[in-house]
$ cat entry_13.csv   # CSV, C-alpha atoms (C1' of nucleotides)
chain,number,residue,atom,x,y,z
P,587,MET,CA,0.0,0.0,0.0
P,588,LYS,CA,1.7,3.1,-1.2
P,589,GLY,CA,0.7,6.2,-3.1
P,590,GLU,CA,0.4,9.9,-2.8
P,591,ARG,CA,-2.9,9.7,-1.0
P,592,LYS,CA,-1.2,7.8,1.7
P,593,GLU,CA,1.5,10.5,1.9
P,594,GLU,CA,-1.3,13.0,2.3
P,595,ILE,CA,-2.9,11.0,5.1
P,596,LEU,CA,0.5,10.7,6.9
P,597,ALA,CA,1.2,14.4,6.6
P,598,THR,CA,-2.2,15.3,8.0
P,599,ALA,CA,-1.9,12.8,10.8
P,600,SER,CA,1.5,14.1,11.7
P,601,MET,CA,0.1,17.7,11.9
P,602,LEU,CA,-2.9,16.7,14.0
P,603,PHE,CA,-0.7,14.5,16.3
P,604,SER,CA,1.6,17.5,16.8
P,605,GLU,CA,-1.3,19.7,17.9
P,606,ARG,CA,-3.2,17.3,20.2
P,607,GLY,CA,-1.1,14.2,20.7
P,608,TYR,CA,-1.7,10.7,19.2
P,609,ASN,CA,-4.4,9.6,21.6
P,610,ALA,CA,-6.5,12.7,21.3
P,611,VAL,CA,-6.8,12.5,17.5
P,612,SER,CA,-9.5,10.1,16.4
P,613,MET,CA,-9.7,8.5,13.0
P,614,ARG,CA,-12.9,10.6,12.5
P,615,ASP,CA,-10.9,13.8,13.2
P,616,LEU,CA,-8.2,12.7,10.7
P,617,ALA,CA,-10.8,11.8,8.1
P,618,GLU,CA,-12.6,15.1,8.5
P,619,ALA,CA,-9.4,17.1,8.1
P,620,LEU,CA,-8.9,15.2,4.8
P,621,GLY,CA,-12.5,15.8,3.7
P,622,ILE,CA,-13.5,12.1,3.7
P,623,LYS,CA,-15.2,9.6,6.1
P,624,ALA,CA,-13.2,7.6,8.6
P,625,ALA,CA,-14.0,4.2,6.9
P,626,SER,CA,-12.3,5.5,3.7
P,627,LEU,CA,-9.0,5.8,5.5
P,628,TYR,CA,-8.7,2.0,5.7
P,629,ASN,CA,-8.5,1.8,2.0
P,630,HIS,CA,-5.0,3.4,2.3
P,631,ILE,CA,-3.8,2.3,5.7
P,632,ASP,CA,-4.1,-0.8,7.9
P,633,SER,CA,-4.5,0.8,11.3
P,634,LYS,CA,-4.1,4.0,13.4
P,635,LYS,CA,-0.9,2.6,15.0
P,636,GLU,CA,0.6,2.1,11.6
P,637,LEU,CA,0.4,5.9,11.1
P,638,LEU,CA,2.3,6.5,14.3
P,639,SER,CA,5.0,4.0,13.7
P,640,THR,CA,5.6,5.1,10.1
P,641,ILE,CA,6.0,8.7,11.3
P,642,VAL,CA,8.2,8.0,14.3
P,643,LEU,CA,10.4,5.3,12.8
P,644,SER,CA,11.1,7.3,9.7
P,645,VAL,CA,12.5,10.3,11.6
P,646,ALA,CA,14.3,8.0,14.1
P,647,GLU,CA,16.1,6.3,11.2
P,648,GLU,CA,17.1,9.6,9.8
P,649,PHE,CA,18.7,10.6,13.1
P,650,THR,CA,20.4,7.2,13.3
P,651,GLU,CA,21.9,7.5,9.9
P,652,GLY,CA,23.0,11.1,10.5
P,653,MET,CA,24.7,10.2,13.8
P,654,ASN,CA,26.5,7.2,12.2
P,655,GLU,CA,28.0,9.4,9.6
P,656,ILE,CA,29.2,11.9,12.3
P,657,ILE,CA,30.6,9.2,14.5
P,658,SER,CA,32.7,7.7,11.7
P,659,SER,CA,34.1,11.1,10.6
P,660,LYS,CA,37.6,11.9,11.6
P,661,THR,CA,37.1,15.4,12.9
P,662,ARG,CA,37.7,17.2,16.2
P,663,THR,CA,35.1,17.0,19.0
P,664,GLU,CA,33.8,20.5,18.4
P,665,GLU,CA,33.2,19.7,14.7
P,666,LYS,CA,31.4,16.6,15.6
P,667,LEU,CA,29.1,18.4,18.1
P,668,LYS,CA,28.4,21.1,15.5
P,669,ALA,CA,27.5,18.4,13.0
P,670,VAL,CA,25.0,17.0,15.5
P,671,ILE,CA,23.4,20.4,16.0
P,672,ASP,CA,23.2,20.8,12.2
P,673,LEU,CA,21.5,17.4,12.0
P,674,HIS,CA,18.9,18.4,14.5
P,675,VAL,CA,18.3,21.8,13.0
P,676,LYS,CA,17.9,20.3,9.5
P,677,ILE,CA,15.4,17.7,10.6
P,678,THR,CA,13.6,20.3,12.7
P,679,VAL,CA,13.1,22.6,9.7
P,680,GLU,CA,12.1,19.7,7.3
P,681,LYS,CA,10.0,17.5,9.6
P,682,SER,CA,8.8,19.7,12.4
P,683,THR,CA,5.5,18.0,13.1
P,684,ASP,CA,7.0,14.4,12.9
P,685,LEU,CA,9.3,15.4,15.7
P,686,TYR,CA,6.4,16.0,18.0
P,687,SER,CA,5.4,12.3,17.8
P,688,LEU,CA,9.0,11.2,18.1
P,689,ASN,CA,9.4,13.2,21.4
P,690,ASN,CA,6.0,12.8,22.9
P,691,ASP,CA,4.1,9.7,21.6
P,692,TRP,CA,6.8,7.1,21.0
P,693,MET,CA,5.5,5.2,24.1
P,694,HIS,CA,2.3,4.4,22.3
P,695,LEU,CA,4.2,2.3,19.7
P,696,LYS,CA,3.5,-1.4,20.0
P,697,GLU,CA,6.0,-4.3,19.8
P,698,PRO,CA,8.1,-4.9,17.8
P,699,GLU,CA,8.2,-1.3,16.7
P,700,LEU,CA,8.6,-0.1,20.3
P,701,SER,CA,11.8,-2.1,20.8
P,702,TYR,CA,13.2,-1.1,17.5
P,703,PHE,CA,12.7,2.5,18.4
P,704,LEU,CA,14.1,2.2,21.8
P,705,ASP,CA,17.2,0.5,20.4
P,706,MET,CA,17.8,3.3,17.9
P,707,ARG,CA,17.3,5.9,20.7
P,708,SER,CA,19.8,4.1,23.0
P,709,CYS,CA,22.3,3.8,20.2
P,710,TYR,CA,21.9,7.5,19.3
P,711,GLU,CA,22.5,8.6,22.9
P,712,ASP,CA,25.4,6.2,23.3
P,713,ASN,CA,27.1,7.7,20.3
P,714,PHE,CA,26.5,11.2,21.6
P,715,ARG,CA,28.0,10.1,24.9
P,716,LYS,CA,31.1,8.7,23.2
P,717,ILE,CA,31.7,12.1,21.5
P,718,LEU,CA,31.5,13.9,24.8
P,719,LYS,CA,33.7,11.4,26.6
P,720,GLN,CA,36.4,11.5,24.0
P,721,GLY,CA,36.2,15.3,24.0
P,722,VAL,CA,36.8,15.3,27.8
P,723,LYS,CA,39.7,12.9,27.4
P,724,LEU,CA,41.3,15.0,24.7
P,725,LYS,CA,40.7,18.1,26.8
P,726,GLU,CA,38.6,19.6,24.0
P,727,ILE,CA,35.6,20.1,26.3
P,728,GLU,CA,35.2,20.8,30.0
P,729,LYS,CA,35.4,18.0,32.5
P,730,LEU,CA,31.7,18.1,33.6
P,731,ASN,CA,29.2,15.4,34.3
P,732,ILE,CA,28.7,13.5,31.0
P,733,GLU,CA,25.0,12.8,31.6
P,734,VAL,CA,24.2,16.4,32.5
P,735,MET,CA,25.9,17.6,29.3
P,736,LEU,CA,24.3,15.0,27.2
P,737,PHE,CA,20.7,15.5,28.3
P,738,SER,CA,20.9,19.2,28.6
P,739,ILE,CA,22.1,19.6,25.0
P,740,LEU,CA,19.8,16.9,23.7
P,741,SER,CA,16.8,18.4,25.5
P,742,SER,CA,17.3,21.7,23.7
P,743,LEU,CA,17.8,20.1,20.4
P,744,ARG,CA,14.8,17.8,20.7
P,745,ARG,CA,12.5,20.7,21.8
P,746,LEU,CA,13.6,22.9,18.9
P,747,ASN,CA,10.5,22.1,16.8
P,748,GLN,CA,8.1,23.3,19.5
P,749,TRP,CA,9.0,26.9,19.2
P,750,TYR,CA,10.7,27.1,15.8
P,751,SER,CA,7.3,26.6,14.0
P,752,LYS,CA,5.9,29.6,15.8
P,753,LYS,CA,8.8,32.0,15.5
P,754,LYS,CA,9.5,33.3,12.1
P,755,GLY,CA,12.2,35.6,11.0
P,756,ILE,CA,15.2,33.3,11.6
P,757,SER,CA,16.7,31.2,8.8
P,758,GLU,CA,18.0,27.7,9.2
P,759,SER,CA,21.6,28.7,8.9
P,760,GLU,CA,21.2,31.5,11.4
P,761,LEU,CA,19.4,29.2,13.8
P,762,SER,CA,22.2,26.7,13.5
P,763,LYS,CA,24.9,29.3,14.2
P,764,GLN,CA,23.0,30.7,17.2
P,765,MET,CA,22.4,27.2,18.7
P,766,LYS,CA,26.0,26.3,18.4
P,767,HIS,CA,27.1,29.3,20.4
P,768,VAL,CA,24.4,28.9,23.0
P,769,LEU,CA,24.9,25.2,23.5
P,770,LEU,CA,28.6,25.0,23.1
P,771,LYS,CA,30.0,28.3,24.5
P,772,GLY,CA,27.2,29.4,26.8
P,773,ILE,CA,25.6,32.8,27.1
P,774,ILE,CA,27.7,34.5,29.8
P,775,GLN,CA,30.0,37.2,28.6
P,776,ASN,CA,33.6,36.3,29.3
N,1301,MET,CA,-13.5,17.8,48.8
N,1302,LYS,CA,-10.2,17.4,50.5
N,1303,GLY,CA,-8.4,14.7,52.4
N,1304,GLU,CA,-5.5,12.3,52.3
N,1305,ARG,CA,-7.3,9.8,50.1
N,1306,LYS,CA,-7.6,12.5,47.5
N,1307,GLU,CA,-3.9,13.3,47.8
N,1308,GLU,CA,-3.2,9.6,47.3
N,1309,ILE,CA,-5.4,9.6,44.1
N,1310,LEU,CA,-3.6,12.7,42.8
N,1311,ALA,CA,-0.1,11.3,43.4
N,1312,THR,CA,-1.1,8.0,41.7
N,1313,ALA,CA,-2.7,9.8,38.8
N,1314,SER,CA,0.4,12.0,38.4
N,1315,MET,CA,2.6,8.9,38.3
N,1316,LEU,CA,0.5,7.1,35.7
N,1317,PHE,CA,0.1,10.3,33.5
N,1318,SER,CA,3.9,10.6,33.6
N,1319,GLU,CA,4.3,7.1,32.3
N,1320,ARG,CA,1.6,7.0,29.6
N,1321,GLY,CA,0.1,10.5,29.2
N,1322,TYR,CA,-3.2,11.8,30.3
N,1323,ASN,CA,-5.3,10.3,27.5
N,1324,ALA,CA,-3.8,6.8,27.7
N,1325,VAL,CA,-4.7,6.4,31.4
N,1326,SER,CA,-8.3,5.4,32.0
N,1327,MET,CA,-10.2,5.9,35.3
N,1328,ARG,CA,-10.2,2.1,35.5
N,1329,ASP,CA,-6.4,2.0,35.3
N,1330,LEU,CA,-6.1,4.7,38.0
N,1331,ALA,CA,-8.6,2.8,40.2
N,1332,GLU,CA,-6.8,-0.5,39.8
N,1333,ALA,CA,-3.5,1.1,40.7
N,1334,LEU,CA,-5.1,2.3,43.9
N,1335,GLY,CA,-6.7,-1.1,44.6
N,1336,ILE,CA,-10.3,0.1,44.2
N,1337,LYS,CA,-13.0,0.2,41.5
N,1338,ALA,CA,-13.4,3.1,39.1
N,1339,ALA,CA,-16.8,4.2,40.5
N,1340,SER,CA,-15.2,4.7,44.0
N,1341,LEU,CA,-12.9,7.4,42.7
N,1342,TYR,CA,-15.9,9.7,42.2
N,1343,ASN,CA,-16.5,9.8,45.9
N,1344,HIS,CA,-13.2,11.8,46.1
N,1345,ILE,CA,-13.1,13.7,42.9
N,1346,ASP,CA,-15.5,15.2,40.4
N,1347,SER,CA,-14.0,14.3,37.1
N,1348,LYS,CA,-10.9,13.1,35.4
N,1349,LYS,CA,-10.1,16.6,34.1
N,1350,GLU,CA,-10.1,17.9,37.6
N,1351,LEU,CA,-7.1,15.6,38.3
N,1352,LEU,CA,-5.2,17.1,35.4
N,1353,SER,CA,-5.9,20.7,36.2
N,1354,THR,CA,-5.1,20.2,39.9
N,1355,ILE,CA,-1.7,18.7,39.0
N,1356,VAL,CA,-0.8,21.1,36.2
N,1357,LEU,CA,-2.0,24.4,37.8
N,1358,SER,CA,-0.4,23.6,41.2
N,1359,VAL,CA,3.1,23.3,39.6
N,1360,ALA,CA,2.5,26.2,37.3
N,1361,GLU,CA,1.7,28.5,40.2
N,1362,GLU,CA,4.8,27.4,42.0
N,1363,PHE,CA,6.9,28.4,38.9
N,1364,THR,CA,5.0,31.7,38.7
N,1365,GLU,CA,5.7,32.6,42.4
N,1366,GLY,CA,9.3,31.6,42.1
N,1367,MET,CA,9.9,33.7,39.0
N,1368,ASN,CA,8.1,36.7,40.6
N,1369,GLU,CA,10.5,36.6,43.5
N,1370,ILE,CA,13.6,36.3,41.2
N,1371,ILE,CA,12.4,39.2,39.0
N,1372,SER,CA,11.9,41.5,41.9
N,1373,SER,CA,15.3,40.8,43.4
N,1374,LYS,CA,18.0,43.4,42.9
N,1375,THR,CA,20.8,41.1,41.8
N,1376,ARG,CA,23.0,40.8,38.7
N,1377,THR,CA,21.8,39.0,35.6
N,1378,GLU,CA,24.0,35.9,36.3
N,1379,GLU,CA,22.6,35.6,39.8
N,1380,LYS,CA,19.0,35.8,38.5
N,1381,LEU,CA,19.7,33.1,35.9
N,1382,LYS,CA,21.3,30.9,38.5
N,1383,ALA,CA,18.2,31.4,40.7
N,1384,VAL,CA,15.9,30.3,37.8
N,1385,ILE,CA,18.0,27.2,37.4
N,1386,ASP,CA,17.8,26.5,41.1
N,1387,LEU,CA,14.0,26.9,40.9
N,1388,HIS,CA,13.7,24.3,38.1
N,1389,VAL,CA,16.0,21.9,39.8
N,1390,LYS,CA,14.2,22.2,43.1
N,1391,ILE,CA,10.7,21.6,41.5
N,1392,THR,CA,12.2,18.8,39.4
N,1393,VAL,CA,13.5,16.9,42.4
N,1394,GLU,CA,10.3,17.5,44.5
N,1395,LYS,CA,7.6,17.1,41.8
N,1396,SER,CA,9.1,15.1,39.0
N,1397,THR,CA,5.9,13.4,37.8
N,1398,ASP,CA,3.8,16.5,37.9
N,1399,LEU,CA,6.2,18.1,35.5
N,1400,TYR,CA,5.4,15.6,32.9
N,1401,SER,CA,1.7,16.7,32.7
N,1402,LEU,CA,2.8,20.3,32.8
N,1403,ASN,CA,5.1,19.8,29.8
N,1404,ASN,CA,3.1,17.3,27.8
N,1405,ASP,CA,-0.6,17.3,28.7
N,1406,TRP,CA,-1.4,21.0,29.4
N,1407,MET,CA,-3.3,21.1,26.0
N,1408,HIS,CA,-5.9,18.8,27.4
N,1409,LEU,CA,-7.0,21.3,30.0
N,1410,LYS,CA,-10.4,22.8,29.4
N,1411,GLU,CA,-11.5,26.4,29.8
N,1412,PRO,CA,-11.2,28.4,31.9
N,1413,GLU,CA,-8.2,26.5,33.3
N,1414,LEU,CA,-6.5,26.4,29.9
N,1415,SER,CA,-6.4,30.2,29.6
N,1416,TYR,CA,-5.3,30.5,33.2
N,1417,PHE,CA,-2.4,28.2,32.5
N,1418,LEU,CA,-1.4,29.8,29.2
N,1419,ASP,CA,-1.4,33.2,30.9
N,1420,MET,CA,0.9,32.0,33.6
N,1421,ARG,CA,3.2,30.4,31.0
N,1422,SER,CA,3.4,33.5,28.9
N,1423,CYS,CA,4.1,35.6,31.9
N,1424,TYR,CA,6.9,33.2,33.0
N,1425,GLU,CA,8.5,33.3,29.6
N,1426,ASP,CA,8.2,37.1,29.4
N,1427,ASN,CA,9.9,37.5,32.7
N,1428,PHE,CA,12.7,35.2,31.6
N,1429,ARG,CA,13.0,37.2,28.4
N,1430,LYS,CA,13.3,40.4,30.4
N,1431,ILE,CA,16.2,39.0,32.4
N,1432,LEU,CA,18.0,38.1,29.2
N,1433,LYS,CA,17.3,41.4,27.5
N,1434,GLN,CA,18.6,43.4,30.5
N,1435,GLY,CA,21.7,41.1,30.6
N,1436,VAL,CA,22.5,41.9,27.0
N,1437,LYS,CA,21.9,45.6,27.6
N,1438,LEU,CA,24.2,45.6,30.6
N,1439,LYS,CA,26.8,43.5,28.6
N,1440,GLU,CA,26.6,40.8,31.3
N,1441,ILE,CA,25.6,38.2,28.7
N,1442,GLU,CA,26.5,37.7,25.0
N,1443,LYS,CA,24.6,39.6,22.4
N,1444,LEU,CA,22.8,36.5,20.9
N,1445,ASN,CA,19.2,36.0,19.6
N,1446,ILE,CA,17.0,36.3,22.7
N,1447,GLU,CA,14.5,33.7,21.6
N,1448,VAL,CA,17.2,31.1,20.9
N,1449,MET,CA,18.7,31.7,24.3
N,1450,LEU,CA,15.4,31.6,26.0
N,1451,PHE,CA,14.0,28.5,24.5
N,1452,SER,CA,17.3,26.6,24.5
N,1453,ILE,CA,17.8,27.1,28.2
N,1454,LEU,CA,14.1,26.6,29.0
N,1455,SER,CA,13.9,23.4,27.0
N,1456,SER,CA,16.8,21.9,29.0
N,1457,LEU,CA,15.2,22.9,32.3
N,1458,ARG,CA,11.8,21.7,31.4
N,1459,ARG,CA,13.1,18.3,30.3
N,1460,LEU,CA,15.2,17.8,33.4
N,1461,ASN,CA,12.6,15.5,35.0
N,1462,GLN,CA,12.5,13.1,32.1
N,1463,TRP,CA,16.0,11.8,32.8
N,1464,TYR,CA,16.7,12.9,36.4
N,1465,SER,CA,14.2,10.3,37.7
N,1466,LYS,CA,16.2,7.5,35.9
N,1467,LYS,CA,19.7,8.6,36.8
N,1468,LYS,CA,20.7,8.2,40.4
N,1469,GLY,CA,24.0,9.2,41.9
N,1470,ILE,CA,23.7,12.9,41.5
N,1471,SER,CA,22.5,15.1,44.3
N,1472,GLU,CA,20.3,18.2,43.9
N,1473,SER,CA,23.1,20.6,44.7
N,1474,GLU,CA,25.5,18.9,42.3
N,1475,LEU,CA,22.9,18.8,39.6
N,1476,SER,CA,22.3,22.5,40.1
N,1477,LYS,CA,26.0,23.3,39.9
N,1478,GLN,CA,26.5,21.3,36.8
N,1479,MET,CA,23.5,22.7,35.0
N,1480,LYS,CA,24.6,26.2,35.7
N,1481,HIS,CA,28.0,25.6,34.1
N,1482,VAL,CA,26.5,23.8,31.1
N,1483,LEU,CA,23.7,26.3,30.5
N,1484,LEU,CA,25.5,29.5,31.2
N,1485,LYS,CA,29.2,28.9,30.3
N,1486,GLY,CA,28.9,26.1,27.8
N,1487,ILE,CA,30.9,22.9,27.5
N,1488,ILE,CA,33.8,23.9,25.1
N,1489,GLN,CA,37.2,24.2,26.8
N,1490,ASN,CA,38.4,27.8,26.6
S,782,DG,C1',-11.9,5.2,-3.6
S,783,DT,C1',-15.6,6.7,-1.0
S,784,DC,C1',-19.8,5.9,1.1
S,785,DT,C1',-23.5,4.0,4.8
S,786,DA,C1',-24.2,0.9,8.3
S,787,DT,C1',-22.7,-1.5,12.0
S,788,DA,C1',-19.9,-4.3,15.0
S,789,DA,C1',-17.1,-4.8,19.3
S,790,DA,C1',-14.7,-2.8,22.7
S,791,DA,C1',-13.4,1.0,25.8
S,792,DT,C1',-14.4,5.2,28.0
S,793,DG,C1',-16.1,8.8,31.7
S,794,DA,C1',-19.6,9.0,34.7
S,795,DT,C1',-24.0,8.1,37.7
S,796,DA,C1',-27.5,5.4,40.7
S,797,DG,C1',-28.3,3.0,44.5
S,798,DA,C1',-27.2,-1.1,47.7
S,799,DC,C1',-24.3,-2.1,51.7
J,1289,DG,C1',-16.1,4.7,51.3
J,1290,DT,C1',-16.6,1.0,48.3
J,1291,DC,C1',-19.2,-1.9,45.7
J,1292,DT,C1',-22.2,-3.8,41.4
J,1293,DA,C1',-24.8,-2.6,37.6
J,1294,DT,C1',-25.5,0.3,34.1
J,1295,DC,C1',-25.7,4.3,30.7
J,1296,DA,C1',-24.4,7.2,27.1
J,1297,DT,C1',-20.8,8.2,24.2
J,1298,DT,C1',-16.8,7.5,21.6
J,1299,DT,C1',-13.4,4.6,19.7
J,1300,DT,C1',-11.0,1.6,16.0
J,1301,DA,C1',-12.1,-1.2,12.5
J,1302,DT,C1',-14.9,-4.2,9.0
J,1303,DA,C1',-18.6,-5.5,5.4
J,1304,DG,C1',-20.6,-4.5,1.5
J,1305,DA,C1',-23.1,-1.2,-1.9
J,1306,DC,C1',-22.0,2.2,-5.4
$ encode --input "entry_13.csv" --output "structure tokens"
Amino acid sequence: MKGERKEEILATASMLFSERGYNAVSMRDLAEALGIKAASLYNHIDSKKELLSTIVLSVAEEFTEGMNEIISSKTRTEEKLKAVIDLHVKITVEKSTDLYSLNNDWMHLKEPELSYFLDMRSCYEDNFRKILKQGVKLKEIEKLNIEVMLFSILSSLRRLNQWYSKKKGISESELSKQMKHVLLKGIIQN
Amino acid sequence: MKGERKEEILATASMLFSERGYNAVSMRDLAEALGIKAASLYNHIDSKKELLSTIVLSVAEEFTEGMNEIISSKTRTEEKLKAVIDLHVKITVEKSTDLYSLNNDWMHLKEPELSYFLDMRSCYEDNFRKILKQGVKLKEIEKLNIEVMLFSILSSLRRLNQWYSKKKGISESELSKQMKHVLLKGIIQN
DNA sequence: GTCTATAAAATGATAGAC
DNA sequence: GTCTATCATTTTATAGAC
């Protein structure tokens, strides 16, 4: 089952999920937003949960691939971290609504998709951790608690979509540049 | 309607909401976790949505009060920002599960509670913005995009609860200290 | 590909016995 | 304060006509 109608359904579902959350959007709501009846949706998709897993796993795989490239590049720690920020900013700009489900509704995935997602997420965080640990070892970054650094930066990057969509007037490249300064060098004047 | 049974219901609801989200927790689930039947809950509470608004508004008011104190204090920008971080860390440690609903389920509030919440949130963000703007003006913090600084820091602080509960071995004071360094001075070695 | 009709299950909430 | 029984509504999903 593929086709542009399905893409339309996925895009609309992603938008509605990002506004109200997976469980608060009924198949009737989704159908109405598309101008059809709920039963008609099932000509294009198998189930509601298929919508969620398609949306979530697709972005998760994009992050996984991006991170694998970064990890295998032979650059300095700061360059690796900047590449991670670029990756998040890029996906935020391109797939803003999908990120909502990734961040907030992943726990409604069913097995085996849930395990697949959790594996990818663990792997991503582990790679991020490795970058930070090596940076500390090479004295390229401050000797601070690894978990605090990891989750503080990751929280900012993961939440980017929730305010970027509302705030106009900042380009992708400018956002990237600003995020790099704020996340890597802080905001206090030296 | 008050009493310790109600407090018990609220605490259990907060925990379940933090695991699965408001809409995925049924009154039957909640009752079962308390060892009673769903109908019995209604002897202590009026409705499911009352649970959500009690949880969310209580923490939101705590943030509002804390921020009002910080804003009216006559300290330097860096001290004000450190006080904001302390406020978030303190509430994270004390009310970890409540913060989940505040961050993820506030949109399921009904009027007039929804407007009340949104007003408090806007007010909080405006006060935070004022601190940053004055800091830039006084050259106490870097001249970066205010919105990027605001939402980057706020995202980290708001997400703190999602990993703090899982990671043991770091005290409240140590977490506060580390967060201040990461959020204010960055992680790159000078 | 969309519709109407409907099944089967789950949901928030109430009534009334004990 | 908790229970059983039940209601009204909403939910995901299917069957079959057009």
$ atom_distance --input "entry_13.csv" --atom1 "CA of Val1384 in chain N" --atom2 "CA of Gly721 in chain P"
28.8 Å
$ residues_around --input "entry_13.csv" --residues "Ser1326 in chain N" --least-positions-apart "6" --cutoff "12 Å" --atoms "all atoms listed in the file" --output "PDB file with C-alpha atoms (C1' of nucleotides), in the frame of the given file"
ATOM      1  CA  ASN P 609      -4.400   9.600  21.600  1.00  0.00           C
TER       2      ASN P 609
ATOM      3  CA  ALA N1313      -2.700   9.800  38.800  1.00  0.00           C
ATOM      4  CA  LEU N1316       0.500   7.100  35.700  1.00  0.00           C
ATOM      5  CA  PHE N1317       0.100  10.300  33.500  1.00  0.00           C
ATOM      6  CA  ARG N1320       1.600   7.000  29.600  1.00  0.00           C
ATOM      7  CA  GLU N1332      -6.800  -0.500  39.800  1.00  0.00           C
ATOM      8  CA  ALA N1333      -3.500   1.100  40.700  1.00  0.00           C
ATOM      9  CA  LYS N1337     -13.000   0.200  41.500  1.00  0.00           C
ATOM     10  CA  ALA N1338     -13.400   3.100  39.100  1.00  0.00           C
ATOM     11  CA  LEU N1341     -12.900   7.400  42.700  1.00  0.00           C
ATOM     12  CA  SER N1347     -14.000  14.300  37.100  1.00  0.00           C
ATOM     13  CA  LYS N1348     -10.900  13.100  35.400  1.00  0.00           C
ATOM     14  CA  LYS N1349     -10.100  16.600  34.100  1.00  0.00           C
TER      15      LYS N1349
ATOM     16  C1'  DA S 791     -13.400   1.000  25.800  1.00  0.00           C
ATOM     17  C1'  DT S 792     -14.400   5.200  28.000  1.00  0.00           C
ATOM     18  C1'  DG S 793     -16.100   8.800  31.700  1.00  0.00           C
TER      19       DG S 793
END
$ closest_atom_pairs --input "entry_13.csv" --of "chain P" --to "chain N" --cutoff "7 Å" --atoms "all atoms listed in the file" --output "CSV"
residue,atom,partner,partner_atom,distance
P:Arg606,CA,N:Met1407,CA,6.9
P:Asn609,CA,N:Asn1323,CA,6.0
P:Ala610,CA,N:Asn1323,CA,6.8
P:Met693,CA,N:Arg1320,CA,7.0
P:Glu726,CA,N:Gln1489,CA,5.6
P:Ile727,CA,N:Ile1488,CA,4.4
P:Glu728,CA,N:Gln1489,CA,5.1
P:Leu730,CA,N:Gln1478,CA,6.9
P:Asn731,CA,N:Gln1478,CA,7.0
P:Val734,CA,N:Met1479,CA,6.8
P:Met735,CA,N:Val1482,CA,6.5
P:Ser738,CA,N:Ser1456,CA,4.9
P:Ser741,CA,N:Ser1456,CA,4.9
P:Ser742,CA,N:Ser1452,CA,5.0
P:Arg745,CA,N:Ser1455,CA,6.0
P:Gln764,CA,N:Leu1444,CA,6.9
P:Met765,CA,N:Val1448,CA,6.9
P:Val768,CA,N:Met1449,CA,6.5
P:Leu769,CA,N:Gly1486,CA,5.9
P:Leu770,CA,N:Gly1486,CA,4.8
P:Lys771,CA,N:Gly1486,CA,4.1
P:Gly772,CA,N:Gly1486,CA,3.8
P:Ile773,CA,N:Leu1484,CA,5.3
P:Ile774,CA,N:Ile1441,CA,4.4
P:Gln775,CA,N:Ile1441,CA,4.5
$ residues_around --input "entry_13.csv" --residues "range 1304-1308 of chain N" --least-positions-apart "4" --cutoff "10 Å" --atoms "only C-alpha atoms (C1' of nucleotides)" --output "ChimeraX atom specification"
/N:1312-1314,1334,1341,1343-1345,1351
$ residues_around --input "entry_13.csv" --residues "DT783 in chain S" --least-positions-apart "3" --cutoff "9 Å" --atoms "all atoms listed in the file" --output "list of chain:residue names"
P:Ile622, P:Lys623, P:Ala625, P:Ser626, J:DC1306
$ write_last_selection --input "entry_13.csv" --atoms "C-alpha atoms (C1' of nucleotides)" --output "short mmCIF file (atom, residue, chain, number, x, y, z; two decimals), keeping the file's coordinate frame"
data_model
loop_
_atom_site.label_atom_id
_atom_site.label_comp_id
_atom_site.auth_asym_id
_atom_site.auth_seq_id
_atom_site.Cartn_x
_atom_site.Cartn_y
_atom_site.Cartn_z
CA ILE P 622 -13.50 12.10 3.70
CA LYS P 623 -15.20 9.60 6.10
CA ALA P 625 -14.00 4.20 6.90
CA SER P 626 -12.30 5.50 3.70
"C1'" DC J 1306 -22.00 2.20 -5.40
#
$ interface_residues --input "entry_13.csv" --of "chain J" --to "chain N" --cutoff "10 Å" --atoms "all atoms listed in the file" --output "ChimeraX atom specification"
/J:1289-1292
$ write_last_selection --input "entry_13.csv" --atoms "C-alpha atoms (C1' of nucleotides)" --output "compact mmCIF listing (two decimals), keeping the file's coordinate frame"
# COMPACT_ATOMS: atom_id res chain seq x y z
C1' DG J 1289 -16.10 4.70 51.30
C1' DT J 1290 -16.60 1.00 48.30
C1' DC J 1291 -19.20 -1.90 45.70
C1' DT J 1292 -22.20 -3.80 41.40
$ residues_near_point --input "entry_13.csv" --point "(-25.4, -2.6, 4.7)" --cutoff "7 Å" --atoms "only C-alpha atoms (C1' of nucleotides)" --output "list of chain:residue names"
S:DT785, S:DA786, J:DG1304
